[in-house]
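> Below are the structure tokens for one structure; questions will follow.
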Amino acid sequence: MKTFCGRANPTTGAMEWLEEDEDYDYHQEIARSRYADMLHDKDRNVKYYQGIRAAVSRVKERGEKAIVLDIGTGTGLLSMMAASAGADFCYAIEVFKPMANAAVKIVEKNGFSDKIKVINKHSTEVTVGPDGDMQCRANILVTELFDTELIGEGALPTYEHAHEHLVQEGCEAVPHRATVYVQLAESKRMWSWNKLFPVRVEAEDGEKVIVSPSEMENCPGVPSVCDIQLNQMPSSDFTILSDVVVMFSVDFSKPVRSASAYYRVQLEPVKSGKAQIVLSWWDMDMDPSGKINCTMAPYWVKPTSAFQWRDHWMQCVYFLPNEEPVFQGENVYLTAYRDEYSVWYKLQKAREEENKADVRVDSPVCRCQAHLLWNRPRFGELNDQNRTRQYINSLTKVLKTDSVCLCISDGSLLPVLAHYLGAKQVQYFFLIVFFCFFFFLKFLKANHLEDKIKIVEARPELLTPSHLEDRKVCNILLGEPFFTTSLLPWHNLYFWYARTAVNKHLASDATVLPQSASLHVMIVEFQDLWRIRSPCGSCEGFDVRTMDDMIKNSLNFRESKEAEPHPLWEYPCKSLSDPQEVLIFDFRRTVPQHCLSTEGSVNLLRVNAKIIVFFFFFPLYGAVLWMEYHLTADISVSTGLMQISNDKGNCEWNPHCKQAVYFFSSVIESETLTDLPSAVTYAIHFDTKTGEITMDFKL
Ligand code: SAH
């Protein structure tokens, strides 16, 4: 059987449905899953084990048999903990078939087949009774169904159902309770992920300000959670305005209600400032006493000794609909609203609170369309003044009074910048490639530019002279380039394909900005990110190698391993080599017929023998790849490395972009080591037919 998988085609910029082997989806799911990360989360595992032991003891002390329901068993880990702790029987429910199969194998390998029954069903399909999946209701409920937002993976409806149908009244639950905490904050950096700040341009005839449509001002944005590694956010990038307060908590040992609800707290600001965001995280008490606590609290809240790196649970940033000035000592009310799967916030001044009895439970819906067009990193990128300056400087160099410009980039401010920087009589054209026509019209209207910049609704290959109002040729082609469908850095090379498609509309001496792009590679050592792809072997004494093999098998499913996108500002790493330019793409020419290939080696620095021993077992090491755009001969912007900040090799990455990461482990793990390697060799291939880059690295 075949399945269809959505992928952006870098040669057309469009999403396409590709026929893939039926296993492809499942391999993607396993390879990119968070199971390895969870198994490496020592703090989580130890506390679950302690909580489960305590729950089994409490049930046994009451003289009852311990019957466990483990919803979402994954590898079977929590059921095996329960069985080892003396549980009489465990029902391990897992909806995802490949995982349920893995759980059966792992349970068997660890000798628990007689104590644990793996059931491949969604928990709401599980039946209880003499002929049912479960003989009787359980008296211990164990789950790990939580995401960074706590409820985003459907924990509430699952618990609601389980209490109604699958467990006894007064059952023990591990975790016993979860609590959501919040702190009010001001942060220009994080607020810039949600609103477009005015852009100032020094034009020949004075300063111009690019503004947003008024709808953007009060737009509540999109409901999807903004989950990040808040621990990587330097304290200089935000100001805390309130103490940490409990927003709400859920007791999992009692019936749980999943219906929409709201929770309101009174806050006394500890500092005056602009309330813009709510920083949030949760913790879990594994037992009723609260002595076994597992917390996601960020670095400024918890002692560093309690620190456990994890990627499956991070912290949340919620954007208030508007920024609101607050004053030290003057109370405000913060309301959290939630539906079954998500949470959002609203801040009210204390005195308004009485009259405003409105309890808005509708989740936020973007009214201005900008939040649908620009995701949060893209907002951040557009608000990055240093980056804008680079584009302004380069535009100033290439614009001439008789320029006719064509711009190809998704939701870009470039045409507006170009308009203000150019002379009055310049006629600009703006080519919209995808779906943002109406938003851009509003945007141009807000800036009174609707008759200055023309939005062309045509794909590059379908562009006709009439779209260009019969101007014969364009003499400037602009792109950032940025396209919303790009996943990996080189997918923005779609600009080159679009440039090729509009070639006949360009003057023979047309200026193309950026004039070229280059692909760069650097070998790095990850501080933590390696955990998400590293085998675990044994977890709290249970043999989980079946899971390791499954992940490895899925990672190697494609003949050529794929690089994966990660925003590296959230994942510290050290450089082990100098950055190296490996391929150049010349946008002044059309895409060549032949493919571009390169082979070479990168010298390793800062490698010592101790590290090398690990080299073969852990994907501690990887290659990072990114694009740099050469706007003009002397102005470039990097979407990857910004700088190596010290002699230890700590790297600073572009905070708005994802870089491509290629983990080494499975490629080199079987090779034997004689001498310390001093270089990594690479072969990188850009297929001009498909727009894809494949790569191979060897020691
Ligand atoms: N319990 C394991 C795995 C947790 S991951 C551990 O702690 O290591 C959560 C798992 O729950 C996933 O495998 C997911 O497929 C499964 N799952 C989520 N909701 C479920 C439900 N309602 N019924 C059955 N399985 C569910």
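Chains: A, B, ... in order of the structure tokens. Residues: from 1 per chain. Ligands: from 1, in order shown.
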Might you pull out every residue within 8 Å of Ser554 of chain A, with only C-alpha atoms counted and same-chain residues fewer than 2 positions away left off, and present them as a list in words?

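Close residues of Ser554 of chain A: His27, Gln28, Ile30, Ala31, Met550, Ile551, Lys552, Asn556 and Phe557 of chain A.
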
> Just to be explicit: take each residue in the selection above, keep all heavy atoms, and write the result as an mmCIF file, in the first residue's frame.


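What follows is the written file result_10.cif:
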```
data_model
loop_
_atom_site.group_PDB
_atom_site.id
_atom_site.type_symbol
_atom_site.label_atom_id
_atom_site.label_comp_id
_atom_site.auth_asym_id
_atom_site.auth_seq_id
_atom_site.Cartn_x
_atom_site.Cartn_y
_atom_site.Cartn_z
ATOM 1 N N HIS A 27 7.636 5.539 9.819
ATOM 2 C CA HIS A 27 9.057 5.753 10.114
ATOM 3 C C HIS A 27 9.320 7.202 10.502
ATOM 4 O O HIS A 27 10.114 7.483 11.389
ATOM 5 C CB HIS A 27 9.927 5.357 8.921
ATOM 6 C CG HIS A 27 10.087 3.877 8.800
ATOM 7 N ND1 HIS A 27 10.644 3.119 9.806
ATOM 8 C CD2 HIS A 27 9.747 3.011 7.818
ATOM 9 C CE1 HIS A 27 10.635 1.839 9.438
ATOM 10 N NE2 HIS A 27 10.089 1.755 8.229
ATOM 11 N N GLN A 28 8.645 8.126 9.813
ATOM 12 C CA GLN A 28 8.788 9.538 10.167
ATOM 13 C C GLN A 28 8.351 9.753 11.613
ATOM 14 O O GLN A 28 9.011 10.421 12.385
ATOM 15 C CB GLN A 28 7.902 10.395 9.248
ATOM 16 C CG GLN A 28 8.505 10.651 7.889
ATOM 17 C CD GLN A 28 9.752 11.520 7.987
ATOM 18 O OE1 GLN A 28 9.735 12.550 8.617
ATOM 19 N NE2 GLN A 28 10.828 11.076 7.379
ATOM 20 N N ILE A 30 8.180 7.636 14.083
ATOM 21 C CA ILE A 30 9.097 7.058 15.067
ATOM 22 C C ILE A 30 10.410 7.842 15.101
ATOM 23 O O ILE A 30 10.911 8.204 16.161
ATOM 24 C CB ILE A 30 9.402 5.578 14.712
ATOM 25 C CG1 ILE A 30 8.112 4.753 14.778
ATOM 26 C CG2 ILE A 30 10.478 4.992 15.614
ATOM 27 C CD1 ILE A 30 7.609 4.469 16.159
ATOM 28 N N ALA A 31 10.952 8.118 13.902
ATOM 29 C CA ALA A 31 12.267 8.749 13.852
ATOM 30 C C ALA A 31 12.234 10.140 14.476
ATOM 31 O O ALA A 31 13.171 10.566 15.121
ATOM 32 C CB ALA A 31 12.746 8.839 12.402
ATOM 33 N N MET A 550 14.261 0.332 16.954
ATOM 34 C CA MET A 550 13.163 0.835 16.134
ATOM 35 C C MET A 550 13.465 2.251 15.637
ATOM 36 O O MET A 550 13.253 2.577 14.471
ATOM 37 C CB MET A 550 11.915 0.874 17.016
ATOM 38 C CG MET A 550 10.683 0.403 16.363
ATOM 39 S SD MET A 550 9.468 0.175 17.660
ATOM 40 C CE MET A 550 8.243 1.293 17.084
ATOM 41 N N ILE A 551 13.983 3.077 16.524
ATOM 42 C CA ILE A 551 14.298 4.465 16.141
ATOM 43 C C ILE A 551 15.417 4.467 15.099
ATOM 44 O O ILE A 551 15.348 5.158 14.084
ATOM 45 C CB ILE A 551 14.686 5.307 17.383
ATOM 46 C CG1 ILE A 551 13.480 5.450 18.307
ATOM 47 C CG2 ILE A 551 15.221 6.679 16.973
ATOM 48 C CD1 ILE A 551 13.753 6.161 19.621
ATOM 49 N N LYS A 552 16.427 3.622 15.341
ATOM 50 C CA LYS A 552 17.559 3.573 14.416
ATOM 51 C C LYS A 552 17.106 3.116 13.031
ATOM 52 O O LYS A 552 17.472 3.699 12.009
ATOM 53 C CB LYS A 552 18.616 2.604 14.971
ATOM 54 C CG LYS A 552 19.960 2.769 14.313
ATOM 55 C CD LYS A 552 21.021 2.061 15.103
ATOM 56 C CE LYS A 552 21.649 0.999 14.230
ATOM 57 N NZ LYS A 552 22.449 0.052 14.980
ATOM 58 N N ASN A 556 17.217 5.308 9.557
ATOM 59 C CA ASN A 556 17.961 4.838 8.386
ATOM 60 C C ASN A 556 17.034 4.361 7.269
ATOM 61 O O ASN A 556 17.480 3.725 6.328
ATOM 62 C CB ASN A 556 18.899 3.687 8.777
ATOM 63 C CG ASN A 556 19.964 4.187 9.713
ATOM 64 O OD1 ASN A 556 20.252 5.382 9.732
ATOM 65 N ND2 ASN A 556 20.538 3.295 10.498
ATOM 66 N N PHE A 557 15.754 4.677 7.411
ATOM 67 C CA PHE A 557 14.780 4.166 6.452
ATOM 68 C C PHE A 557 15.101 4.643 5.038
ATOM 69 O O PHE A 557 15.041 3.902 4.078
ATOM 70 C CB PHE A 557 13.372 4.609 6.878
ATOM 71 C CG PHE A 557 12.307 4.249 5.894
ATOM 72 C CD1 PHE A 557 12.026 2.926 5.622
ATOM 73 C CD2 PHE A 557 11.577 5.231 5.249
ATOM 74 C CE1 PHE A 557 11.029 2.587 4.718
ATOM 75 C CE2 PHE A 557 10.580 4.908 4.347
ATOM 76 C CZ PHE A 557 10.310 3.579 4.079
#
```

> Could you list, as a VMD selection string, all residues that come within 6 Å of ligand 1? Count only C-alpha atoms and all ligand atoms.

chain A and resid 38 71 to 75 77 to 78 93 to 96 121 to 123 144 to 145 158

> Have a look at A:Glu381, A:Glu628, A:Asp543, A:Glu324 and name the one nearest to Ile584 of chain A; count only C-alpha atoms.

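Of A:Glu381, A:Glu628, A:Asp543, A:Glu324, the one nearest Ile584 of chain A, counting only C-alpha atoms, is A:Glu628.
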
> Considering only C-alpha atoms, state which residue in the set A:Pro223, A:Gly329, A:Gly649, A:Pro175 is at the smallest distance from Asp243 of chain A.

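Checking each of A:Pro223, A:Gly329, A:Gly649, A:Pro175 against Asp243 of chain A, counting only C-alpha atoms, the winner is A:Gly329.
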
> Please provide the set of residues having any atom within 9 Å of segment 383-398 of chain A, restricted to only C-alpha atoms, with same-chain residues fewer than 4 positions apart removed, written as a PyMOL selection string.

chain A and resi 192-193+195-199+201+378-379+414+417-418+421-422+476+480+511+513-514+631-632+634-637+656

> Per residue of segment 464-550 of chain A within 9 Å of segment 564-567 of chain A, what are the shortest atom pair and its distance in Å to one decimal, counting only C-alpha atoms, with rows by chain and residue number, as CSV?


```
residue,atom,partner,partner_atom,distance
A:Leu487,CA,A:Pro565,CA,6.8
A:Leu488,CA,A:Pro565,CA,5.7
A:Pro489,CA,A:Pro565,CA,8.0
```

> Restricted to all heavy atoms, what would the selected residues look like written as a PDB file, in the first residue's frame?


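Saved the output as part.pdb:
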```pdb
ATOM      1  N   LEU A 487      10.995  24.278   4.715  1.00  0.00           N
ATOM      2  CA  LEU A 487      11.267  23.619   5.991  1.00  0.00           C
ATOM      3  C   LEU A 487      12.760  23.672   6.290  1.00  0.00           C
ATOM      4  O   LEU A 487      13.183  24.059   7.357  1.00  0.00           O
ATOM      5  CB  LEU A 487      10.798  22.162   5.948  1.00  0.00           C
ATOM      6  CG  LEU A 487       9.299  21.956   5.758  1.00  0.00           C
ATOM      7  CD1 LEU A 487       8.972  20.483   5.588  1.00  0.00           C
ATOM      8  CD2 LEU A 487       8.543  22.525   6.953  1.00  0.00           C
ATOM      9  N   LEU A 488      13.547  23.267   5.297  1.00  0.00           N
ATOM     10  CA  LEU A 488      15.002  23.265   5.468  1.00  0.00           C
ATOM     11  C   LEU A 488      15.576  24.521   4.816  1.00  0.00           C
ATOM     12  O   LEU A 488      14.959  25.093   3.905  1.00  0.00           O
ATOM     13  CB  LEU A 488      15.578  21.995   4.828  1.00  0.00           C
ATOM     14  CG  LEU A 488      15.273  20.723   5.632  1.00  0.00           C
ATOM     15  CD1 LEU A 488      15.411  19.480   4.783  1.00  0.00           C
ATOM     16  CD2 LEU A 488      16.169  20.639   6.866  1.00  0.00           C
ATOM     17  N   PRO A 489      16.764  24.943   5.276  1.00  0.00           N
ATOM     18  CA  PRO A 489      17.294  26.234   4.810  1.00  0.00           C
ATOM     19  C   PRO A 489      17.330  26.364   3.288  1.00  0.00           C
ATOM     20  O   PRO A 489      17.020  27.423   2.756  1.00  0.00           O
ATOM     21  CB  PRO A 489      18.712  26.262   5.378  1.00  0.00           C
ATOM     22  CG  PRO A 489      18.704  25.319   6.526  1.00  0.00           C
ATOM     23  CD  PRO A 489      17.633  24.300   6.270  1.00  0.00           C
TER      24      PRO A 489
END
```

> Listing only residues of segment 304-399 of chain A within 8 Å of segment 404-413 of chain A, what is the closest atom pair and its distance in Å (to one decimal) for each, using only C-alpha atoms, sorted by chain and residue number ascending, as a Markdown table?


```
| residue | atom | partner | partner_atom | distance |
| --- | --- | --- | --- | --- |
| A:Leu373 | CA | A:Gly411 | CA | 6.9 |
| A:Trp374 | CA | A:Gly411 | CA | 7.4 |
| A:Leu382 | CA | A:Leu413 | CA | 7.8 |
```

> Interatomic distance between atom CA of Leu576 of chain A and atom CA of Ala660 of chain A?

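Value for the atom CA of Leu576 of chain A-atom CA of Ala660 of chain A distance: 16.4 Å.
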
> Tell me, as a list in words, which residues lie within 8 Å of segment 284-295 of chain A, counting only C-alpha atoms; anything in the same chain fewer than 5 positions away does not count.

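Counting only C-alpha atoms, the residues come to Asp43, Arg44, Lys47, Tyr48, Gln50, Gly51, Ile52, Ala54, Ala55, Ala173, Val174, Pro175, His176, Arg177, Ala178 and Thr179 of chain A.
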
> Nearest to Arg137 of chain A: which of A:Asn45, A:Gln168, A:Thr639, A:Gln659 is it, counting only C-alpha atoms?

A:Gln168

> Could you give me, as a PyMOL selection string, the residues within 8 Å of segment 206-219 of chain A, counting only C-alpha atoms and dropping anything in the same chain fewer than 6 positions from it?

chain A and resi 195-200+321-322+365-368+370+416+420+442-443+445-447

> Just the residues within 7 Å of Thr598 of chain A, please, counting only C-alpha atoms, with nothing from its chain fewer than 3 positions along; format it as a PDB file with N, CA and C atoms, in the first residue's frame.


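This went into out-v7.pdb:
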```pdb
ATOM      1  N   VAL A 582      30.327  25.507   1.250  1.00  0.00           N
ATOM      2  CA  VAL A 582      30.442  24.290   0.447  1.00  0.00           C
ATOM      3  C   VAL A 582      29.796  24.379  -0.937  1.00  0.00           C
ATOM      4  N   ALA A 683      30.212  14.746   1.278  1.00  0.00           N
ATOM      5  CA  ALA A 683      29.795  14.768  -0.128  1.00  0.00           C
ATOM      6  C   ALA A 683      28.398  15.362  -0.107  1.00  0.00           C
ATOM      7  N   ILE A 684      28.226  16.477  -0.789  1.00  0.00           N
ATOM      8  CA  ILE A 684      26.940  17.181  -0.775  1.00  0.00           C
ATOM      9  C   ILE A 684      26.490  17.370  -2.218  1.00  0.00           C
ATOM     10  N   HIS A 685      25.223  17.083  -2.446  1.00  0.00           N
ATOM     11  CA  HIS A 685      24.730  17.035  -3.808  1.00  0.00           C
ATOM     12  C   HIS A 685      23.431  17.828  -3.904  1.00  0.00           C
TER      13      HIS A 685
END
```

> Would you mind reading off the distance between atom CA of Pro535 of chain A and atom CA of Tyr35 of chain A, one decimal, in Å?

10.3 Å

> Just to confirm, what's the straight-line distance from atom CA of Lys452 of chain A to atom CA of Cys436 of chain A in Å (one decimal)?

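Taking atom CA of Lys452 of chain A as the start and atom CA of Cys436 of chain A as the end point, the length is 18.0 Å.
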
> Please provide as a ChimeraX atom specification all residues within 6 Å of segment 225-228 of chain A, with the sequence filter that same-chain residues fewer than 2 positions apart are discarded (counting only C-alpha atoms).

/A:230,314-317

> Given the selection you just returned, output its residues as a file containing all heavy atoms, formatted as a PDB file, in the first residue's frame.


```
ATOM      1  N   LEU A 230      12.696  28.108  27.224  1.00  0.00           N
ATOM      2  CA  LEU A 230      12.831  29.421  27.858  1.00  0.00           C
ATOM      3  C   LEU A 230      14.167  29.548  28.589  1.00  0.00           C
ATOM      4  O   LEU A 230      14.657  30.650  28.818  1.00  0.00           O
ATOM      5  CB  LEU A 230      11.658  29.603  28.835  1.00  0.00           C
ATOM      6  CG  LEU A 230      11.155  30.997  29.121  1.00  0.00           C
ATOM      7  CD1 LEU A 230      11.011  31.861  27.878  1.00  0.00           C
ATOM      8  CD2 LEU A 230       9.835  30.928  29.851  1.00  0.00           C
ATOM      9  N   MET A 314       8.681  21.775  27.611  1.00  0.00           N
ATOM     10  CA  MET A 314       9.477  23.000  27.723  1.00  0.00           C
ATOM     11  C   MET A 314       8.677  24.024  28.533  1.00  0.00           C
ATOM     12  O   MET A 314       8.083  23.662  29.531  1.00  0.00           O
ATOM     13  CB  MET A 314       9.811  23.514  26.319  1.00  0.00           C
ATOM     14  CG  MET A 314      10.651  22.535  25.526  1.00  0.00           C
ATOM     15  SD  MET A 314      11.049  23.143  23.888  1.00  0.00           S
ATOM     16  CE  MET A 314       9.665  22.550  22.942  1.00  0.00           C
ATOM     17  N   GLN A 315       8.660  25.250  28.076  1.00  0.00           N
ATOM     18  CA  GLN A 315       7.858  26.281  28.731  1.00  0.00           C
ATOM     19  C   GLN A 315       7.032  26.990  27.654  1.00  0.00           C
ATOM     20  O   GLN A 315       7.352  26.893  26.474  1.00  0.00           O
ATOM     21  CB  GLN A 315       8.748  27.307  29.460  1.00  0.00           C
ATOM     22  CG  GLN A 315       9.525  26.736  30.648  1.00  0.00           C
ATOM     23  CD  GLN A 315      10.775  25.979  30.237  1.00  0.00           C
ATOM     24  OE1 GLN A 315      11.338  26.234  29.177  1.00  0.00           O
ATOM     25  NE2 GLN A 315      11.195  25.033  31.062  1.00  0.00           N
ATOM     26  N   CYS A 316       5.989  27.690  28.095  1.00  0.00           N
ATOM     27  CA  CYS A 316       5.090  28.359  27.145  1.00  0.00           C
ATOM     28  C   CYS A 316       5.200  29.876  27.270  1.00  0.00           C
ATOM     29  O   CYS A 316       5.392  30.399  28.363  1.00  0.00           O
ATOM     30  CB  CYS A 316       3.631  28.037  27.449  1.00  0.00           C
ATOM     31  SG  CYS A 316       3.239  26.312  27.387  1.00  0.00           S
ATOM     32  N   VAL A 317       5.040  30.517  26.120  1.00  0.00           N
ATOM     33  CA  VAL A 317       4.886  31.974  26.101  1.00  0.00           C
ATOM     34  C   VAL A 317       3.501  32.253  25.532  1.00  0.00           C
ATOM     35  O   VAL A 317       3.171  31.791  24.441  1.00  0.00           O
ATOM     36  CB  VAL A 317       5.947  32.632  25.183  1.00  0.00           C
ATOM     37  CG1 VAL A 317       5.787  34.151  25.199  1.00  0.00           C
ATOM     38  CG2 VAL A 317       7.354  32.216  25.591  1.00  0.00           C
TER      39      VAL A 317
END
```

> Could you find all residues in segment 360-585 of chain A that DSSP calls alpha helix (DSSP H) from the backbone, and write them as a ChimeraX atom specification?

/A:370-373,376-382,385-398,414-421,437-446,494-501,545-555

> So, with only C-alpha atoms as the atoms that count, which of A:Arg53, A:Val126, A:Arg32, A:Asp131 lies closest to Glu562 of chain A?

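For Glu562 of chain A, the nearest of the given residues is A:Arg32.
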
> Restricting the calculation to only C-alpha atoms: of A:Phe307, A:Phe542, A:Trp300, A:Phe495, which residue gets closest to Gly111 of chain A?

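Once distances to Gly111 of chain A are computed over only C-alpha atoms, the minimum belongs to A:Phe542.
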
> At a cut-off of 12 Å, can you tabulate as a Markdown table every residue of segment 553-612 of chain A near segment 498-506 of chain A together with its closest atom pair and the distance in Å to one decimal, using only C-alpha atoms and ordering rows by chain then number?


```
| residue | atom | partner | partner_atom | distance |
| --- | --- | --- | --- | --- |
| A:Asp586 | CA | A:Arg499 | CA | 10.9 |
| A:Phe587 | CA | A:Arg499 | CA | 7.5 |
| A:Arg588 | CA | A:Arg499 | CA | 8.8 |
| A:Arg589 | CA | A:Thr500 | CA | 7.8 |
| A:Thr590 | CA | A:Thr500 | CA | 4.8 |
| A:Val591 | CA | A:Thr500 | CA | 6.3 |
| A:Pro592 | CA | A:Thr500 | CA | 9.4 |
| A:Gln593 | CA | A:Thr500 | CA | 11.4 |
```
